[in-house]
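Participant: Pasting in a structure now, in structure tokens, and then I'll have a few things to ask.
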Amino acid sequence: MIYPRPYQLEAVQKTFEYFESGGTGNPIVAMPTGTGKSLYPPMFMQRALQQYPDQRMVLLTHVKELIEQNYKALRNVWPTVPASIYSAGLGVKEGHAPIVLGGIATVNGNVKAIGKRDILFIDEAHLLSPNEDSMYQKVIDDLKNYNPYLKVIGLTATPFRMGQGRLTDKVFRDGVEVDSIFNATAFDITGREAFNQLIDDCYLSPLIPKQTESFIDVSDVRQLANDFNERQLIDTIARQGITGRALNEAAQLCVDRKCWIVFAAGIKNTEQIMNILNKMGIPTTCVHSKISDEEREQRLSAFKTGRFRAIVSNNILTTGFDHPLVDAIIDLRPTTSIPLHIQKYGRGTRPYFAPWYTFEHLQHLHYRKAAIEEGGKKNCIVLDFAGNTARLGPINDPAIPSRKKGDGSGDVPIKICPECGNYCHTTARLCECGHEFIFKTKIKPSASTEVIIARTEPNVKIVPVTNCYAYIHNKVGKPPSLRVQYFHGINTINVYLSFQGSGLAKHKAHEWWRQHQGDEIPQTTEEAYVRFNTCRKCTQLRVDFSDKWP
């Protein structure tokens, strides 16, 4: 028997609350890789059909492995589920059950085979293109011909897309700003605090980054819309001759690691890495797009059963591959894609519990800790020879891609701990290992004078909130904003939300609303003021008292 985890139950509950409170949009449910996201649809479907027996639902994804994974999860949660599969890749096309799990490429152009549907679940929703002529958009349009009230729920570990920003942000089509497919967030635990809590609760395995001496220099590689130019990248890596040096270093740093995933750049590089590791005495296989499906399955199975210590992949293992024993990630594939960066490293975040602990045992934290200890995988080491962490940020606090114009080449501000080699933000005072950074006063020359720029030391405290009120704030020459006033004792903290502003100010207002209400975002300050009493009230605030205005 499977016992749902608390956050899985909360995800289902929050989605129901979104619709039952009058939500009319298409919401996102975001959960990190390794947290059991595949159990959310069956839990939601089972509850939906119990309450509304006439509902007809479909879950679509882009690869057959995910269809199989989702179907297995559905059967595990609900053995008598009235479900069928519609996938050419799996050789099954049965579209008449109340619940259908299908491949987007198979369903596209064949919507009549599955008929009227009330809810469409889209797995790996970050892969959706906002373009009108995308396969998903065509399927959605065809489904709406059968049912104009169709609702779409997106599932993802990365609720944003390169060139678009967050999946719930508006998009531009032909120079006009229009709604994205998704326009609300029902549940999101991919942020820094929630992610770290999942690690503390032993639902995720920590990633341990180590500083490497070798690194791939991509300064001369041209960037395209969403990533590096692949041909230039492959040529650059070959020219620098870094692969052998990096693998020698990895062999030393991963000497006690039993299960490696290596990410390569291109098919030729994938096979080169496999050959080098085998010559070094490390049993290794590889998978890439020129290997047949049957051969791929055999190699993956051999890796999972321990015949191979390492497996090398170009793009195959970034989505839909789950193997909890992975305890080393060797990254030799530079990217500018934040979703790809997160998906790659997410292969190592799944914890491995000793198999003699039951689902009932694993409901309790002390058993989870014991199961991890006895399972042998305490964490997953990450060797980032590609510089992706410095370029894109930590996977639980990345630099969210913007839809604004720009070359996207700016680095995330980080520094490396001299004690443990961990990546830390430039403002961090302490590393996780306990090392304390010393902040130095910077002196910047300007013309014939010198200006001393001193960094204000952070003074952050958590304070209790006793009351919270909202007012419309008017300022000459500016659109009205919503002033949210928090009371802690006799003191107040003000937050200004610019729903009618632009850029970062407007984005912050929208994020505040998503966190506190989750329903359709107000278009005006007056609307936000009227609907303020429906917002959730916080009980604590983290406040930076360093500045004049906390």
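In the structure tokens, the first chain shown is A, the next is B, and so on; residue numbers restart at 1 for each chain, and ligands run from 1 in the order shown.
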Within region 64-159 of chain A, find each residue whose DSSP state, derived from the backbone, is helix (DSSP H, G or I), and express the selection as a PyMOL selection string.

Facilitator: chain A and resi 64-77+104-107+111-113+125-127+135-146

Participant: Would you mind listing what lies within 10 Å of Leu365 (chain A) as a PyMOL selection string, with only C-alpha atoms counted and same-chain residues fewer than 6 positions away left out?

Facilitator: chain A and resi 200-203+371

Participant: Store the residues picked out above, limited to N, CA and C atoms, as a PDB file, in the first residue's frame.

Facilitator:
ATOM      1  N   ASP A 200      15.570  18.517   4.524  1.00  0.00           N
ATOM      2  CA  ASP A 200      15.560  18.308   5.976  1.00  0.00           C
ATOM      3  C   ASP A 200      14.620  17.182   6.379  1.00  0.00           C
ATOM      4  N   ASP A 201      13.524  17.046   5.629  1.00  0.00           N
ATOM      5  CA  ASP A 201      12.532  16.001   5.929  1.00  0.00           C
ATOM      6  C   ASP A 201      12.888  14.664   5.292  1.00  0.00           C
ATOM      7  N   CYS A 202      14.051  14.611   4.624  1.00  0.00           N
ATOM      8  CA  CYS A 202      14.547  13.378   3.995  1.00  0.00           C
ATOM      9  C   CYS A 202      13.668  12.902   2.845  1.00  0.00           C
ATOM     10  N   TYR A 203      13.012  13.836   2.189  1.00  0.00           N
ATOM     11  CA  TYR A 203      12.279  13.502   0.966  1.00  0.00           C
ATOM     12  C   TYR A 203      13.142  13.755  -0.269  1.00  0.00           C
ATOM     13  N   ALA A 371      16.508   4.705   7.067  1.00  0.00           N
ATOM     14  CA  ALA A 371      16.472   4.024   5.771  1.00  0.00           C
ATOM     15  C   ALA A 371      17.529   4.593   4.825  1.00  0.00           C
TER      16      ALA A 371
END

Participant: Just want the 7 Å neighbourhood of Gly34 (chain A), counted on only C-alpha atoms, with same-chain residues fewer than 4 positions away dropped. Output as a ChimeraX atom specification.

Facilitator: /A:204,346,349-350

Participant: Can I get the selected residues back with N, CA and C atoms, as a JSON list (two decimals), in the first residue's frame?

Facilitator:
[["chain", "number", "residue", "atom", "x", "y", "z"],
["A", 204, "LEU", "N", 14.21, 14.52, -0.11],
["A", 204, "LEU", "CA", 15.17, 14.76, -1.19],
["A", 204, "LEU", "C", 16.58, 14.51, -0.65],
["A", 346, "GLY", "N", 18.65, 17.26, -11.07],
["A", 346, "GLY", "CA", 17.56, 16.58, -10.37],
["A", 346, "GLY", "C", 17.66, 15.07, -10.44],
["A", 349, "THR", "N", 18.78, 13.96, -6.95],
["A", 349, "THR", "CA", 18.12, 14.40, -5.71],
["A", 349, "THR", "C", 17.17, 13.35, -5.12],
["A", 350, "ARG", "N", 16.92, 12.28, -5.84],
["A", 350, "ARG", "CA", 16.01, 11.26, -5.30],
["A", 350, "ARG", "C", 16.74, 10.45, -4.22]]

Participant: May I ask which of the residues A:Leu247, A:Ile104, A:Lys279, A:Asp118 is the closest one to Tyr52 (chain A), counting only C-alpha atoms?

Facilitator: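 Checking each candidate against Tyr52 (chain A), we get A:Asp118 as the closest.
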
Participant: Where does DSSP see strand (DSSP E or B) in region 236-277 of chain A, if you list the residues as an MDAnalysis selection string?

Facilitator: chainID A and resid 260:263

Participant: Would you list the contacts of Leu60 (chain A) as number ranges by chain, taking every protein, DNA or RNA residue within 7 Å and counting only C-alpha atoms, but skipping same-chain residues closer than 6 positions in sequence?

Facilitator: A: 101-104, 121-123

Participant: Select, from A:Leu66, A:Leu497, A:Val100, A:Ile395, the residue with the minimum atom-to-atom distance to Thr319 (chain A), counting only C-alpha atoms.

Facilitator: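 Going through A:Leu66, A:Leu497, A:Val100, A:Ile395 one by one, the smallest distance to Thr319 (chain A) is for A:Leu66.
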
Participant: Mind checking which residues fall within 8 Å of Arg309 (chain A), counting only C-alpha atoms, ignoring those fewer than 5 positions away in the same chain, and posting them as a list in words?

Facilitator: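 Contacts, in chain order: Lys258, Cys259, Trp260, Ile282, Pro283, Thr284 and Phe303 of chain A.
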
Participant: Could the residues in this selection be written to a file with C-alpha atoms, as a PDB file, in the first residue's frame?

Facilitator:
ATOM      1  CA  LYS A 258      28.900   3.734  -6.928  1.00  0.00           C
ATOM      2  CA  CYS A 259      26.460   5.099  -9.488  1.00  0.00           C
ATOM      3  CA  TRP A 260      27.444   7.924 -11.894  1.00  0.00           C
ATOM      4  CA  ILE A 282      35.203   2.126 -14.753  1.00  0.00           C
ATOM      5  CA  PRO A 283      32.465  -0.018 -16.375  1.00  0.00           C
ATOM      6  CA  THR A 284      30.444   2.461 -18.456  1.00  0.00           C
ATOM      7  CA  PHE A 303      22.989   0.270 -15.532  1.00  0.00           C
TER       8      PHE A 303
END

Participant: Quick one: everything within 12 Å of Leu150 (chain A), counting only C-alpha atoms, minus sequence neighbours fewer than 5 positions away in the same chain. Send it as a VMD selection string.

Facilitator: chain A and resid 24 to 26 55 to 58 116 to 121 139 to 145 181

Participant: Between A:Pro42, A:Pro550, A:Pro522, A:Gly281, which has the minimum distance to Gln485 (chain A) (counting only C-alpha atoms)?

Facilitator: A:Pro550
